[in-house]
file run-v4.txt (compact mmCIF, C-alpha atoms and all ligand atoms)
# COMPACT_ATOMS: atom_id res chain seq x y z
CA MET T 1 11.13 12.19 -30.16
CA SER T 2 11.54 15.29 -28.06
CA ALA T 3 14.86 16.96 -28.57
CA ASP T 4 14.10 19.69 -26.04
CA LEU T 5 13.22 17.47 -23.08
CA GLU T 6 15.66 19.38 -20.93
CA VAL T 7 13.54 22.53 -21.07
CA GLY T 8 10.08 20.96 -21.21
CA PHE T 9 7.63 23.44 -22.71
CA GLY T 10 9.91 26.46 -22.36
CA GLU T 11 7.91 29.67 -22.79
CA GLY T 12 4.73 27.63 -23.07
CA THR T 13 5.00 26.34 -19.50
CA THR T 14 2.94 29.15 -17.96
CA LYS T 15 0.14 28.68 -20.48
CA PHE T 16 0.25 24.90 -19.99
CA ARG T 17 -0.09 25.38 -16.23
CA GLN T 18 -3.01 27.75 -16.67
CA GLU T 19 -4.89 25.24 -18.85
CA LEU T 20 -4.13 22.47 -16.42
CA LEU T 21 -5.31 24.44 -13.37
CA ARG T 22 -8.44 25.62 -15.17
CA TRP T 23 -9.34 21.98 -15.81
CA PHE T 24 -8.50 21.01 -12.23
CA ASP T 25 -10.55 23.83 -10.70
CA ARG T 26 -13.60 22.66 -12.63
CA ASN T 27 -13.13 18.92 -12.41
CA HIS T 28 -11.22 17.92 -9.30
CA ARG T 29 -12.64 15.24 -7.09
CA VAL T 30 -13.77 16.14 -3.61
CA LEU T 31 -11.61 14.00 -1.34
CA PRO T 32 -11.48 14.03 2.48
CA TRP T 33 -7.76 14.90 2.69
CA ARG T 34 -8.27 17.84 0.32
CA SER T 35 -10.85 19.56 2.50
CA GLU T 36 -8.26 20.26 5.19
CA PRO T 37 -4.80 19.69 3.70
CA THR T 38 -2.68 19.76 6.84
CA ALA T 39 0.71 18.07 6.54
CA TYR T 40 -0.48 15.22 8.80
CA ARG T 41 -3.55 14.48 6.67
CA VAL T 42 -1.67 14.83 3.37
CA TRP T 43 1.04 12.52 4.69
CA ILE T 44 -1.42 9.81 5.82
CA SER T 45 -3.32 9.99 2.52
CA GLU T 46 -0.15 9.87 0.42
CA ILE T 47 1.18 6.82 2.24
CA MET T 48 -2.20 5.07 1.89
CA LEU T 49 -2.40 5.97 -1.80
CA GLN T 50 0.90 4.23 -2.56
CA GLN T 51 -0.13 1.02 -4.37
CA THR T 52 -3.82 1.60 -3.55
CA GLN T 53 -6.75 3.13 -5.47
CA VAL T 54 -8.39 6.36 -4.27
CA VAL T 55 -11.82 4.72 -3.83
CA THR T 56 -10.36 2.11 -1.51
CA VAL T 57 -8.36 4.63 0.50
CA ILE T 58 -11.25 7.01 1.36
CA ASP T 59 -12.87 4.85 4.09
CA TYR T 60 -9.53 3.76 5.51
CA PHE T 61 -8.37 7.37 5.65
CA LEU T 62 -11.50 8.50 7.51
CA ARG T 63 -11.26 5.64 10.03
CA PHE T 64 -7.55 6.22 10.55
CA ILE T 65 -7.96 9.95 11.14
CA GLU T 66 -10.83 9.32 13.52
CA GLN T 67 -8.74 6.87 15.52
CA PHE T 68 -5.46 8.82 15.31
CA PRO T 69 -6.42 12.48 14.79
CA ASP T 70 -2.89 13.84 15.12
CA ILE T 71 0.78 12.92 15.26
CA ALA T 72 0.81 12.58 19.06
CA SER T 73 -2.07 10.07 19.11
CA LEU T 74 -0.44 8.01 16.36
CA ALA T 75 2.96 8.10 18.06
CA GLU T 76 1.49 6.97 21.38
CA ALA T 77 -0.63 4.16 19.89
CA ASP T 78 0.25 0.52 20.21
CA GLU T 79 1.56 -1.00 16.95
CA GLU T 80 -1.21 -3.61 17.01
CA GLN T 81 -3.83 -0.86 17.10
CA VAL T 82 -2.23 0.81 14.09
CA LEU T 83 -2.03 -2.46 12.16
CA ARG T 84 -5.64 -3.35 13.02
CA THR T 85 -6.81 0.01 11.64
CA TRP T 86 -4.70 -0.59 8.53
CA GLU T 87 -5.83 -4.21 8.13
CA GLY T 88 -7.05 -4.93 4.59
CA LEU T 89 -5.09 -2.10 2.94
CA GLY T 90 -2.08 -4.39 2.44
CA TYR T 91 1.61 -3.49 2.21
CA TYR T 92 1.80 -3.36 6.00
CA ARG T 93 5.32 -2.02 5.97
CA ARG T 94 3.68 1.33 5.17
CA ALA T 95 1.75 1.26 8.45
CA ARG T 96 4.77 0.26 10.52
CA GLN T 97 6.88 3.02 8.99
CA LEU T 98 4.11 5.57 9.45
CA HIS T 99 4.00 4.64 13.11
CA LEU T 100 7.78 4.86 13.42
CA ALA T 101 7.83 8.22 11.63
CA ALA T 102 5.13 9.59 13.98
CA LYS T 103 7.31 8.63 16.96
CA GLN T 104 10.31 10.35 15.38
CA ILE T 105 8.33 13.52 14.69
CA ASN T 106 7.00 13.46 18.23
CA ASN T 107 10.51 13.18 19.65
CA MET T 108 12.33 15.54 17.33
CA PHE T 109 9.79 18.20 16.42
CA GLY T 110 7.41 18.23 19.39
CA SER T 111 4.65 16.54 17.34
CA GLU T 112 4.64 19.38 14.75
CA PHE T 113 5.08 18.02 11.23
CA PRO T 114 8.47 19.30 9.92
CA GLU T 115 8.31 21.86 7.13
CA GLU T 116 11.93 21.61 5.98
CA PHE T 117 12.05 19.42 2.84
CA GLN T 118 15.13 17.45 3.94
CA HIS T 119 13.50 16.68 7.28
CA ILE T 120 10.37 15.39 5.54
CA LEU T 121 12.49 13.29 3.18
CA ALA T 122 14.36 11.76 6.12
CA LEU T 123 11.20 10.28 7.67
CA PRO T 124 10.79 6.49 7.46
CA GLY T 125 8.69 5.46 4.46
CA VAL T 126 8.96 8.87 2.77
CA GLY T 127 10.67 9.00 -0.62
CA ARG T 128 11.19 11.87 -3.01
CA TYR T 129 7.67 11.64 -4.39
CA THR T 130 5.90 11.64 -1.00
CA ALA T 131 8.12 14.41 0.36
CA GLY T 132 7.37 16.50 -2.76
CA ALA T 133 3.64 15.90 -2.40
CA ILE T 134 3.59 16.90 1.29
CA ALA T 135 5.88 19.91 0.78
CA SER T 136 3.90 21.25 -2.17
CA ILE T 137 0.33 20.45 -1.05
CA ALA T 138 0.61 21.21 2.68
CA PHE T 139 3.33 23.89 2.68
CA GLY T 140 3.08 25.44 -0.81
CA GLN T 141 6.71 24.64 -1.65
CA ARG T 142 7.74 24.38 -5.31
CA ARG T 143 8.71 20.73 -5.15
CA PRO T 144 8.12 18.34 -8.07
CA ILE T 145 6.48 14.93 -7.94
CA LEU T 146 6.75 11.82 -10.08
CA GLU T 147 4.64 8.68 -9.54
CA GLY T 148 2.72 6.20 -11.70
CA ASN T 149 0.14 8.60 -13.13
CA THR T 150 2.55 11.44 -13.78
CA ILE T 151 5.18 9.15 -15.32
CA ARG T 152 2.59 8.03 -17.88
CA LEU T 153 1.31 11.58 -18.44
CA PHE T 154 4.80 13.06 -18.83
CA ALA T 155 6.03 10.26 -21.11
CA ARG T 156 3.08 10.99 -23.41
CA LEU T 157 3.28 14.79 -23.18
CA LEU T 158 6.97 14.61 -24.10
CA ASP T 159 6.69 11.64 -26.46
CA GLU T 160 9.37 10.02 -24.34
CA ARG T 161 10.13 6.70 -26.06
CA ASN T 162 12.91 5.43 -23.84
CA ASP T 163 12.34 2.86 -21.12
CA ILE T 164 10.84 4.74 -18.17
CA LYS T 165 12.55 2.36 -15.73
CA LEU T 166 15.98 3.61 -16.81
CA LYS T 167 17.64 6.21 -14.63
CA PRO T 168 18.40 8.74 -17.40
CA THR T 169 14.71 8.66 -18.42
CA GLN T 170 13.58 9.06 -14.83
CA ASP T 171 16.00 11.95 -14.40
CA ARG T 172 14.55 13.67 -17.48
CA LEU T 173 11.00 13.23 -16.20
CA TRP T 174 11.96 14.65 -12.80
CA ARG T 175 13.53 17.66 -14.51
CA PHE T 176 10.37 18.15 -16.54
CA ALA T 177 8.29 17.95 -13.33
CA GLU T 178 10.53 20.65 -11.84
CA THR T 179 9.82 23.00 -14.74
CA LEU T 180 6.08 22.64 -14.15
CA VAL T 181 6.16 23.84 -10.54
CA ALA T 182 9.21 26.13 -10.77
CA LYS T 183 7.37 29.45 -10.96
CA SER T 184 3.93 28.38 -9.88
CA ARG T 185 1.96 30.19 -7.22
CA ARG T 186 -0.05 27.00 -6.65
CA PRO T 187 2.52 24.18 -6.77
CA GLY T 188 0.39 21.82 -4.65
CA ASP T 189 -2.57 22.21 -6.99
CA VAL T 190 -0.33 21.82 -10.05
CA ASN T 191 0.96 18.51 -8.67
CA GLN T 192 -2.51 17.29 -7.75
CA ALA T 193 -3.85 18.36 -11.14
CA LEU T 194 -1.10 16.44 -12.95
CA MET T 195 -1.83 13.29 -10.96
CA GLU T 196 -5.56 13.63 -11.43
CA LEU T 197 -5.32 14.30 -15.16
CA GLY T 198 -3.03 11.29 -15.51
CA ASN T 199 -5.39 9.11 -13.49
CA ARG T 200 -8.72 10.16 -15.00
CA VAL T 201 -7.98 11.40 -18.53
CA CYS T 202 -4.59 10.14 -19.66
CA ARG T 203 -5.52 6.59 -18.67
CA VAL T 204 -3.36 3.55 -19.30
CA GLN T 205 -5.50 1.80 -21.92
CA SER T 206 -7.82 4.49 -23.16
CA PRO T 207 -6.50 8.05 -22.91
CA GLU T 208 -9.35 10.48 -23.50
CA CYS T 209 -7.40 12.76 -25.81
CA GLY T 210 -10.58 14.33 -27.22
CA ALA T 211 -11.42 15.73 -23.77
CA CYS T 212 -7.88 16.46 -22.64
CA ALA T 213 -7.26 20.02 -21.45
CA VAL T 214 -3.58 19.94 -22.45
CA ARG T 215 -3.91 18.15 -25.78
CA GLU T 216 -2.34 20.99 -27.73
CA TYR T 217 0.91 20.49 -25.78
CA CYS T 218 0.95 16.71 -26.16
CA ARG T 219 3.70 15.49 -28.45
CA SER T 220 2.60 11.84 -28.45
CA TYR T 221 -0.91 12.93 -29.45
CA ALA T 222 0.60 14.85 -32.36
CA ALA T 223 2.73 11.85 -33.28
CA GLY T 224 -0.06 9.29 -32.70
CA THR T 225 2.12 7.29 -30.29
CA GLN T 226 0.15 7.76 -27.06
CA LEU T 227 -1.05 4.15 -26.87
CA ASP T 228 2.52 2.86 -27.18
CA LEU T 229 3.72 4.92 -24.24
CA PRO T 230 5.12 4.73 -21.67
CA ARG T 231 7.59 2.00 -22.56
CA ALA T 232 8.94 -0.21 -19.82
CA ASN T 233 10.75 -3.46 -19.59
CA ASN T 234 8.43 -5.20 -17.13
CA LYS T 235 9.55 -8.75 -17.01
CA ILE T 236 8.28 -10.15 -13.74
CA THR T 237 8.58 -13.90 -13.24
CA TYR T 238 5.86 -15.22 -11.00
CA GLN T 239 6.51 -18.15 -8.75
CA SER T 240 3.86 -20.64 -7.60
CA LEU T 241 3.85 -21.73 -3.96
CA GLU T 242 1.80 -24.36 -2.13
CA GLU T 243 1.05 -23.65 1.51
CA VAL T 244 -1.13 -24.99 4.31
CA ALA T 245 -2.79 -22.99 7.11
CA VAL T 246 -3.89 -24.80 10.26
CA VAL T 247 -6.74 -23.74 12.55
CA ILE T 248 -6.28 -25.45 15.91
CA GLU T 249 -8.85 -25.04 18.66
CA ARG T 250 -8.37 -25.76 22.33
CA ARG T 251 -11.03 -24.91 24.92
CA ARG T 252 -12.68 -22.43 22.53
CA ARG T 253 -9.39 -20.66 21.82
CA PHE T 254 -7.38 -20.68 18.61
CA LEU T 255 -3.64 -20.94 18.18
CA LEU T 256 -2.17 -17.85 16.47
CA ARG T 257 1.38 -16.76 15.83
CA ARG T 258 2.69 -13.28 15.35
CA CYS T 259 4.63 -12.80 12.11
CA GLU T 260 8.16 -11.78 12.92
CA PRO T 261 10.26 -8.93 11.50
CA GLY T 262 11.52 -9.81 8.04
CA GLU T 263 8.61 -12.19 7.41
CA ARG T 264 5.57 -11.54 5.26
CA TRP T 265 3.05 -9.48 7.27
CA ALA T 266 5.53 -8.72 10.04
CA GLY T 267 3.68 -7.59 13.17
CA LEU T 268 0.36 -9.12 12.09
CA TRP T 269 -1.12 -12.32 13.51
CA ASP T 270 -1.75 -15.44 11.47
CA PHE T 271 -2.76 -19.08 11.86
CA PRO T 272 0.19 -21.51 11.79
CA ARG T 273 1.25 -21.88 8.20
CA PHE T 274 3.67 -24.16 6.38
CA ALA T 275 5.06 -24.61 2.91
CA ALA T 276 3.75 -28.04 1.88
CA PRO T 277 3.40 -29.98 -1.36
CA LYS T 278 -0.05 -30.52 -2.89
CA ASN T 279 -0.23 -34.16 -1.80
CA VAL T 280 0.79 -33.56 1.82
CA THR T 281 -1.12 -35.74 4.31
CA VAL T 282 -2.92 -34.66 7.50
CA GLU T 283 -0.50 -36.81 9.45
CA ALA T 284 2.50 -34.97 8.01
CA ILE T 285 0.95 -31.60 8.87
CA ALA T 286 0.08 -32.79 12.39
CA GLU T 287 3.73 -33.77 12.83
CA LEU T 288 4.88 -30.35 11.65
CA VAL T 289 2.50 -28.65 14.09
CA GLU T 290 3.83 -30.72 16.95
CA ARG T 291 7.46 -30.12 16.00
CA GLU T 292 7.06 -26.35 15.48
CA PHE T 293 4.58 -25.53 18.22
CA GLY T 294 4.65 -28.47 20.61
CA VAL T 295 0.93 -28.95 20.10
CA GLN T 296 -0.63 -32.33 19.34
CA ALA T 297 -3.67 -31.95 17.13
CA LEU T 298 -6.19 -34.20 15.41
CA LEU T 299 -6.51 -32.55 12.04
CA ILE T 300 -8.79 -32.80 9.06
CA ASP T 301 -8.32 -31.44 5.57
CA THR T 302 -11.27 -29.11 4.91
CA GLY T 303 -10.74 -29.28 1.15
CA TRP T 304 -11.09 -25.49 1.19
CA SER T 305 -8.33 -23.33 -0.21
CA ILE T 306 -7.59 -19.71 -1.06
CA LYS T 307 -5.58 -18.43 -3.99
CA HIS T 308 -3.74 -15.23 -3.25
CA ALA T 309 -0.80 -13.20 -4.43
CA VAL T 310 2.05 -11.68 -2.45
CA THR T 311 4.59 -9.67 -4.49
CA ARG T 312 5.83 -12.11 -7.14
CA TYR T 313 4.39 -15.20 -5.48
CA ARG T 314 1.11 -16.84 -6.47
CA ILE T 315 0.04 -18.90 -3.50
CA GLN T 316 -2.45 -21.74 -3.16
CA LEU T 317 -3.28 -21.95 0.54
CA ARG T 318 -5.08 -25.11 1.75
CA CYS T 319 -6.80 -25.07 5.09
CA PHE T 320 -6.65 -27.80 7.75
CA VAL T 321 -8.58 -27.64 11.02
CA GLY T 322 -8.60 -29.61 14.23
CA LYS T 323 -8.66 -29.80 18.00
CA SER T 324 -5.55 -29.99 20.07
CA GLY T 325 -5.20 -33.33 21.85
CA ALA T 326 -4.35 -34.27 25.40
CA GLY T 327 -1.13 -33.15 27.02
CA THR T 328 -1.02 -29.81 25.29
CA ALA T 329 -1.93 -27.55 28.16
CA SER T 330 0.79 -25.05 27.38
CA LEU T 331 3.00 -23.93 24.58
CA PRO T 332 6.53 -25.33 24.42
CA SER T 333 9.25 -23.69 26.46
CA HIS T 334 10.96 -22.14 23.40
CA SER T 335 7.76 -20.25 22.62
CA ASN T 336 7.27 -16.69 23.59
CA SER T 337 3.84 -15.35 24.48
CA LYS T 338 4.45 -12.41 22.16
CA VAL T 339 4.90 -14.78 19.24
CA LEU T 340 2.33 -17.50 20.00
CA ARG T 341 -1.03 -17.06 21.64
CA TRP T 342 -4.29 -18.95 22.24
CA VAL T 343 -7.01 -16.42 21.49
CA THR T 344 -10.78 -16.37 21.83
CA ALA T 345 -13.12 -15.65 18.92
CA ALA T 346 -13.62 -12.14 20.36
CA GLU T 347 -9.87 -11.52 20.42
CA LEU T 348 -9.66 -12.68 16.79
CA GLU T 349 -11.82 -9.66 15.99
CA THR T 350 -9.51 -7.14 17.62
CA LEU T 351 -6.09 -8.48 16.63
CA PRO T 352 -4.58 -7.39 13.31
CA LEU T 353 -4.64 -10.45 11.04
CA SER T 354 -3.15 -11.16 7.63
CA ALA T 355 -5.75 -10.86 4.84
CA THR T 356 -5.92 -14.63 4.44
CA GLY T 357 -5.93 -15.05 8.22
CA ARG T 358 -9.05 -12.84 8.36
CA LYS T 359 -10.77 -14.95 5.66
CA ILE T 360 -9.91 -18.14 7.50
CA ALA T 361 -11.18 -16.67 10.80
CA ALA T 362 -14.47 -15.71 9.13
CA ARG T 363 -14.91 -19.23 7.76
CA PHE T 364 -13.57 -21.37 10.59
CA GLY T 365 -14.11 -19.13 13.63
CA ASP T 366 -16.58 -21.76 14.87
CA LEU T 367 -15.16 -25.26 14.40
CA GLY T 368 -17.90 -27.04 16.37
CA PRO T 369 -20.22 -27.92 13.47
CA ILE T 370 -17.33 -28.71 11.11
CA LEU T 371 -15.68 -31.15 13.45
CA LYS T 372 -18.99 -32.77 14.41
CA ASN T 373 -19.79 -33.60 10.76
CA LYS T 374 -16.48 -35.33 10.14
FE1 LIG X 401 -2.72 11.97 -22.53
FE2 LIG X 401 -4.07 12.21 -24.82
FE3 LIG X 401 -3.90 14.27 -23.12
FE4 LIG X 401 -1.78 13.47 -24.47
S1 LIG X 401 -3.68 14.33 -25.32
S2 LIG X 401 -1.85 14.00 -22.31
S3 LIG X 401 -2.07 11.26 -24.54
S4 LIG X 401 -4.93 12.29 -22.74
call {"tool": "encode", "arguments": {"input": "run-v4.txt", "output": "structure tokens"}}
result
Amino acid sequence: MSADLEVGFGEGTTKFRQELLRWFDRNHRVLPWRSEPTAYRVWISEIMLQQTQVVTVIDYFLRFIEQFPDIASLAEADEEQVLRTWEGLGYYRRARQLHLAAKQINNMFGSEFPEEFQHILALPGVGRYTAGAIASIAFGQRRPILEGNTIRLFARLLDERNDIKLKPTQDRLWRFAETLVAKSRRPGDVNQALMELGNRVCRVQSPECGACAVREYCRSYAAGTQLDLPRANNKITYQSLEEVAVVIERRRRFLLRRCEPGERWAGLWDFPRFAAPKNVTVEAIAELVEREFGVQALLIDTGWSIKHAVTRYRIQLRCFVGKSGAGTASLPSHSNSKVLRWVTAAELETLPLSATGRKIAARFGDLGPILKNK
């Protein structure tokens, strides 16, 4: 194990950086946010890339930038517009915080992205990694980064055998990252090169050591431990949930509810949804709909269901459909038009929906034939 983790590669750091940048200059991917690395574009791309693969992000990034080309346009946009543009990328909290941060920048810095590291770090949704990426890539500051790819790369380069989730290990890796950018004239490229090497060469299952530009510095390669690293105590317990979604139509409009703050998919729209056991009856669901929404509905069980995952939950979502009955001309008095709404099929297209809500809308957006055959 590395005894000199505190100093990283010492005198060899400059040479390491040169090898790394040589590889990056020849092999880096052409990505839309790299062609014009303004702070705004780097910021949007970095937030999108959290928890999401590069190939998925590219189209979303281009659409987002087209719709909101600068901080002012994002700050002035309606939250629903922002969420609709984000729809499908998941982890919607990122979009809400991006929107909030744009408003803050607009108010505090006259829509110019702040250059001061502490100001960047103070923005909603921006942690040490994202602030380091923006500061180094957009402003050329010597700020380190540490995220999934670089944690794996550094753990292997240093033959770090301690649990990477532990704070002392994380602190060591951050210090190592600092040594790599400390005297660099291209800190943004160094950081991007580290992430790209980690992602494309020092892969989780099959690191391509034979083609690795920094192999001669790699202590786990020398020790033959690279496939055992990084080590982490990842004990996640998954929980199974049974839920029911209900599509209710009235005069060619569908009942939707807006997910509230603190709920899953806060700010997005969804069909009414309930936790319900596997053997729940249509009558029981109809009762729940009436109690929660004041809407009487004749329901049928479509037999169609979706399996999906949200954080540590594995959800089986069954789908019921039906028409609302007589005496349901309006929503109950406790309802608020911002929370519940009858929407047309065209409005379903423009509102931001949960991922499962969008699948349900695609399948049951026209209930006519389904109800006729029952
Ligand atoms: Fe990763 Fe292998 Fe390169 Fe070491 S030599 S950094 S394990 S790809």
call {"tool": "atom_distance", "arguments": {"input": "run-v4.txt", "atom1": "CA of Thr225 in chain T", "atom2": "CA of Phe176 in chain T"}}
result
19.4 Å
call {"tool": "closest_atom_pairs", "arguments": {"input": "run-v4.txt", "of": "chain T", "to": "ligand LIG 401 (chain X)", "cutoff": "12 Å", "atoms": "all atoms listed in the file", "output": "tab-separated table"}}
result
residue	atom	partner	partner_atom	distance
T:Phe16	CA	X:LIG401	S2	11.3
T:Glu19	CA	X:LIG401	FE3	11.8
T:Leu20	CA	X:LIG401	S2	10.6
T:Trp23	CA	X:LIG401	FE3	11.9
T:Asn149	CA	X:LIG401	FE1	10.4
T:Thr150	CA	X:LIG401	S2	9.9
T:Ile151	CA	X:LIG401	S2	11.0
T:Arg152	CA	X:LIG401	FE1	8.1
T:Leu153	CA	X:LIG401	S2	5.6
T:Phe154	CA	X:LIG401	S2	7.6
T:Ala155	CA	X:LIG401	S2	8.8
T:Arg156	CA	X:LIG401	S3	5.3
T:Leu157	CA	X:LIG401	S2	5.3
T:Leu158	CA	X:LIG401	FE4	8.8
T:Asp159	CA	X:LIG401	FE4	8.9
T:Glu160	CA	X:LIG401	S3	11.5
T:Leu194	CA	X:LIG401	S2	9.7
T:Met195	CA	X:LIG401	S2	11.4
T:Glu196	CA	X:LIG401	S4	11.4
T:Leu197	CA	X:LIG401	S4	7.9
T:Gly198	CA	X:LIG401	FE1	7.1
T:Asn199	CA	X:LIG401	S4	9.8
T:Arg200	CA	X:LIG401	S4	8.9
T:Val201	CA	X:LIG401	S4	5.3
T:Cys202	CA	X:LIG401	S4	3.8
T:Arg203	CA	X:LIG401	S4	7.0
T:Val204	CA	X:LIG401	FE1	9.0
T:Gln205	CA	X:LIG401	S3	10.4
T:Ser206	CA	X:LIG401	S4	8.3
T:Pro207	CA	X:LIG401	S4	4.5
T:Glu208	CA	X:LIG401	S4	4.8
T:Cys209	CA	X:LIG401	FE2	3.5
T:Gly210	CA	X:LIG401	S1	7.2
T:Ala211	CA	X:LIG401	S4	7.4
T:Cys212	CA	X:LIG401	FE3	4.6
T:Ala213	CA	X:LIG401	FE3	6.9
T:Val214	CA	X:LIG401	FE3	5.7
T:Arg215	CA	X:LIG401	S1	3.9
T:Glu216	CA	X:LIG401	S1	7.2
T:Tyr217	CA	X:LIG401	FE4	7.6
T:Cys218	CA	X:LIG401	FE4	4.6
T:Arg219	CA	X:LIG401	FE4	7.1
T:Ser220	CA	X:LIG401	S3	6.1
T:Tyr221	CA	X:LIG401	FE4	5.1
T:Ala222	CA	X:LIG401	S1	8.3
T:Ala223	CA	X:LIG401	S3	10.0
T:Gly224	CA	X:LIG401	S3	8.6
T:Thr225	CA	X:LIG401	S3	8.1
T:Gln226	CA	X:LIG401	S3	4.9
T:Leu227	CA	X:LIG401	S3	7.6
T:Asp228	CA	X:LIG401	S3	9.9
T:Leu229	CA	X:LIG401	S3	8.6
T:Pro230	CA	X:LIG401	S3	10.1
call {"tool": "atom_distance", "arguments": {"input": "run-v4.txt", "atom1": "CA of Gln50 in chain T", "atom2": "CA of Ile145 in chain T"}}
result
13.2 Å
call {"tool": "residues_around", "arguments": {"input": "run-v4.txt", "residues": "Glu243 in chain T", "least_positions_apart": "6", "cutoff": "7 Å", "atoms": "only C-alpha atoms", "output": "list in words"}}
result
Arg273, Phe274, Ala275, Ala276, Ile315, Gln316, Leu317 and Arg318 of chain T
call {"tool": "write_last_selection", "arguments": {"input": "run-v4.txt", "atoms": "C-alpha atoms", "output": "PDB file, in the frame of the given file"}}
result
ATOM      1  CA  ARG T 273       1.250 -21.880   8.200  1.00  0.00           C
ATOM      2  CA  PHE T 274       3.670 -24.160   6.380  1.00  0.00           C
ATOM      3  CA  ALA T 275       5.060 -24.610   2.910  1.00  0.00           C
ATOM      4  CA  ALA T 276       3.750 -28.040   1.880  1.00  0.00           C
ATOM      5  CA  ILE T 315       0.040 -18.900  -3.500  1.00  0.00           C
ATOM      6  CA  GLN T 316      -2.450 -21.740  -3.160  1.00  0.00           C
ATOM      7  CA  LEU T 317      -3.280 -21.950   0.540  1.00  0.00           C
ATOM      8  CA  ARG T 318      -5.080 -25.110   1.750  1.00  0.00           C
TER       9      ARG T 318
END
call {"tool": "closest_residue", "arguments": {"input": "run-v4.txt", "among": "T:Ile137, T:Leu348, T:Leu31, T:Ala102", "to": "Ser73 in chain T", "atoms": "only C-alpha atoms"}}
result
T:Ala102
call {"tool": "closest_residue", "arguments": {"input": "run-v4.txt", "among": "T:Ala345, T:Val190, T:Ile306, T:Cys319", "to": "Arg252 in chain T", "atoms": "all atoms listed in the file"}}
result
T:Ala345
call {"tool": "atom_distance", "arguments": {"input": "run-v4.txt", "atom1": "CA of Leu49 in chain T", "atom2": "CA of Arg94 in chain T"}}
result
10.3 Å
call {"tool": "residues_around", "arguments": {"input": "run-v4.txt", "residues": "Ile236 in chain T", "least_positions_apart": "6", "cutoff": "12 Å", "atoms": "only C-alpha atoms", "output": "list in words"}}
result
Thr311, Arg312 and Tyr313 of chain T
call {"tool": "write_last_selection", "arguments": {"input": "run-v4.txt", "atoms": "C-alpha atoms", "output": "PDB file, in the coordinates of the input"}}
result
ATOM      1  CA  THR T 311       4.590  -9.670  -4.490  1.00  0.00           C
ATOM      2  CA  ARG T 312       5.830 -12.110  -7.140  1.00  0.00           C
ATOM      3  CA  TYR T 313       4.390 -15.200  -5.480  1.00  0.00           C
TER       4      TYR T 313
END
call {"tool": "residues_around", "arguments": {"input": "run-v4.txt", "residues": "Lys359 in chain T", "least_positions_apart": "6", "cutoff": "12 Å", "atoms": "only C-alpha atoms", "output": "list in words"}}
result
Gly88, Ala245, Val247, Asp270, Phe271, Trp304, Ser305, Ile306, Lys307, His308, Leu317, Cys319, Leu348, Glu349, Leu353 and Gly365 of chain T
call {"tool": "write_last_selection", "arguments": {"input": "run-v4.txt", "atoms": "C-alpha atoms", "output": "PDB file, in the frame of the given file"}}
result
ATOM      1  CA  GLY T  88      -7.050  -4.930   4.590  1.00  0.00           C
ATOM      2  CA  ALA T 245      -2.790 -22.990   7.110  1.00  0.00           C
ATOM      3  CA  VAL T 247      -6.740 -23.740  12.550  1.00  0.00           C
ATOM      4  CA  ASP T 270      -1.750 -15.440  11.470  1.00  0.00           C
ATOM      5  CA  PHE T 271      -2.760 -19.080  11.860  1.00  0.00           C
ATOM      6  CA  TRP T 304     -11.090 -25.490   1.190  1.00  0.00           C
ATOM      7  CA  SER T 305      -8.330 -23.330  -0.210  1.00  0.00           C
ATOM      8  CA  ILE T 306      -7.590 -19.710  -1.060  1.00  0.00           C
ATOM      9  CA  LYS T 307      -5.580 -18.430  -3.990  1.00  0.00           C
ATOM     10  CA  HIS T 308      -3.740 -15.230  -3.250  1.00  0.00           C
ATOM     11  CA  LEU T 317      -3.280 -21.950   0.540  1.00  0.00           C
ATOM     12  CA  CYS T 319      -6.800 -25.070   5.090  1.00  0.00           C
ATOM     13  CA  LEU T 348      -9.660 -12.680  16.790  1.00  0.00           C
ATOM     14  CA  GLU T 349     -11.820  -9.660  15.990  1.00  0.00           C
ATOM     15  CA  LEU T 353      -4.640 -10.450  11.040  1.00  0.00           C
ATOM     16  CA  GLY T 365     -14.110 -19.130  13.630  1.00  0.00           C
TER      17      GLY T 365
END
call {"tool": "residues_around", "arguments": {"input": "run-v4.txt", "residues": "Asp78 in chain T", "least_positions_apart": "5", "cutoff": "12 Å", "atoms": "all atoms listed in the file", "output": "list in words"}}
result
Gln67, Phe68, Ser73, Leu83, Arg84, Thr85, Ala95, Arg96, His99, Leu100, Lys103, Gly267, Leu351 and Pro352 of chain T
call {"tool": "axis_aligned_box", "arguments": {"input": "run-v4.txt", "around": "range 283-296 of chain T", "padding_each_side": "8 Å", "output": "lines of an AutoDock Vina configuration file"}}
result
center_x = 3.4
center_y = -31.2
center_z = 14.3
size_x = 24.1
size_y = 27.3
size_z = 28.6
call {"tool": "closest_residue", "arguments": {"input": "run-v4.txt", "among": "T:Trp269, T:Trp174, T:Ile44, T:Gly132", "to": "Glu80 in chain T", "atoms": "all atoms listed in the file"}}
result
T:Trp269
call {"tool": "closest_residue", "arguments": {"input": "run-v4.txt", "among": "T:Val310, T:Leu123, T:Ala72, T:Ala138", "to": "Thr38 in chain T", "atoms": "all atoms listed in the file"}}
result
T:Ala138
call {"tool": "residues_near_point", "arguments": {"input": "run-v4.txt", "point": "(9.9, 15.7, 9.5)", "cutoff": "12 Å", "atoms": "all atoms listed in the file", "output": "ChimeraX atom specification"}}
result
/T:39-40,43,71,98,100-126,130-131,134-135
call {"tool": "closest_residue", "arguments": {"input": "run-v4.txt", "among": "T:Val282, T:Leu268, T:Leu62, T:Leu166", "to": "Ala297 in chain T", "atoms": "all atoms listed in the file"}}
result
T:Val282
call {"tool": "closest_residue", "arguments": {"input": "run-v4.txt", "among": "T:Ala361, T:Val246, T:Val339, T:Pro144", "to": "Gln192 in chain T", "atoms": "only C-alpha atoms"}}
result
T:Pro144
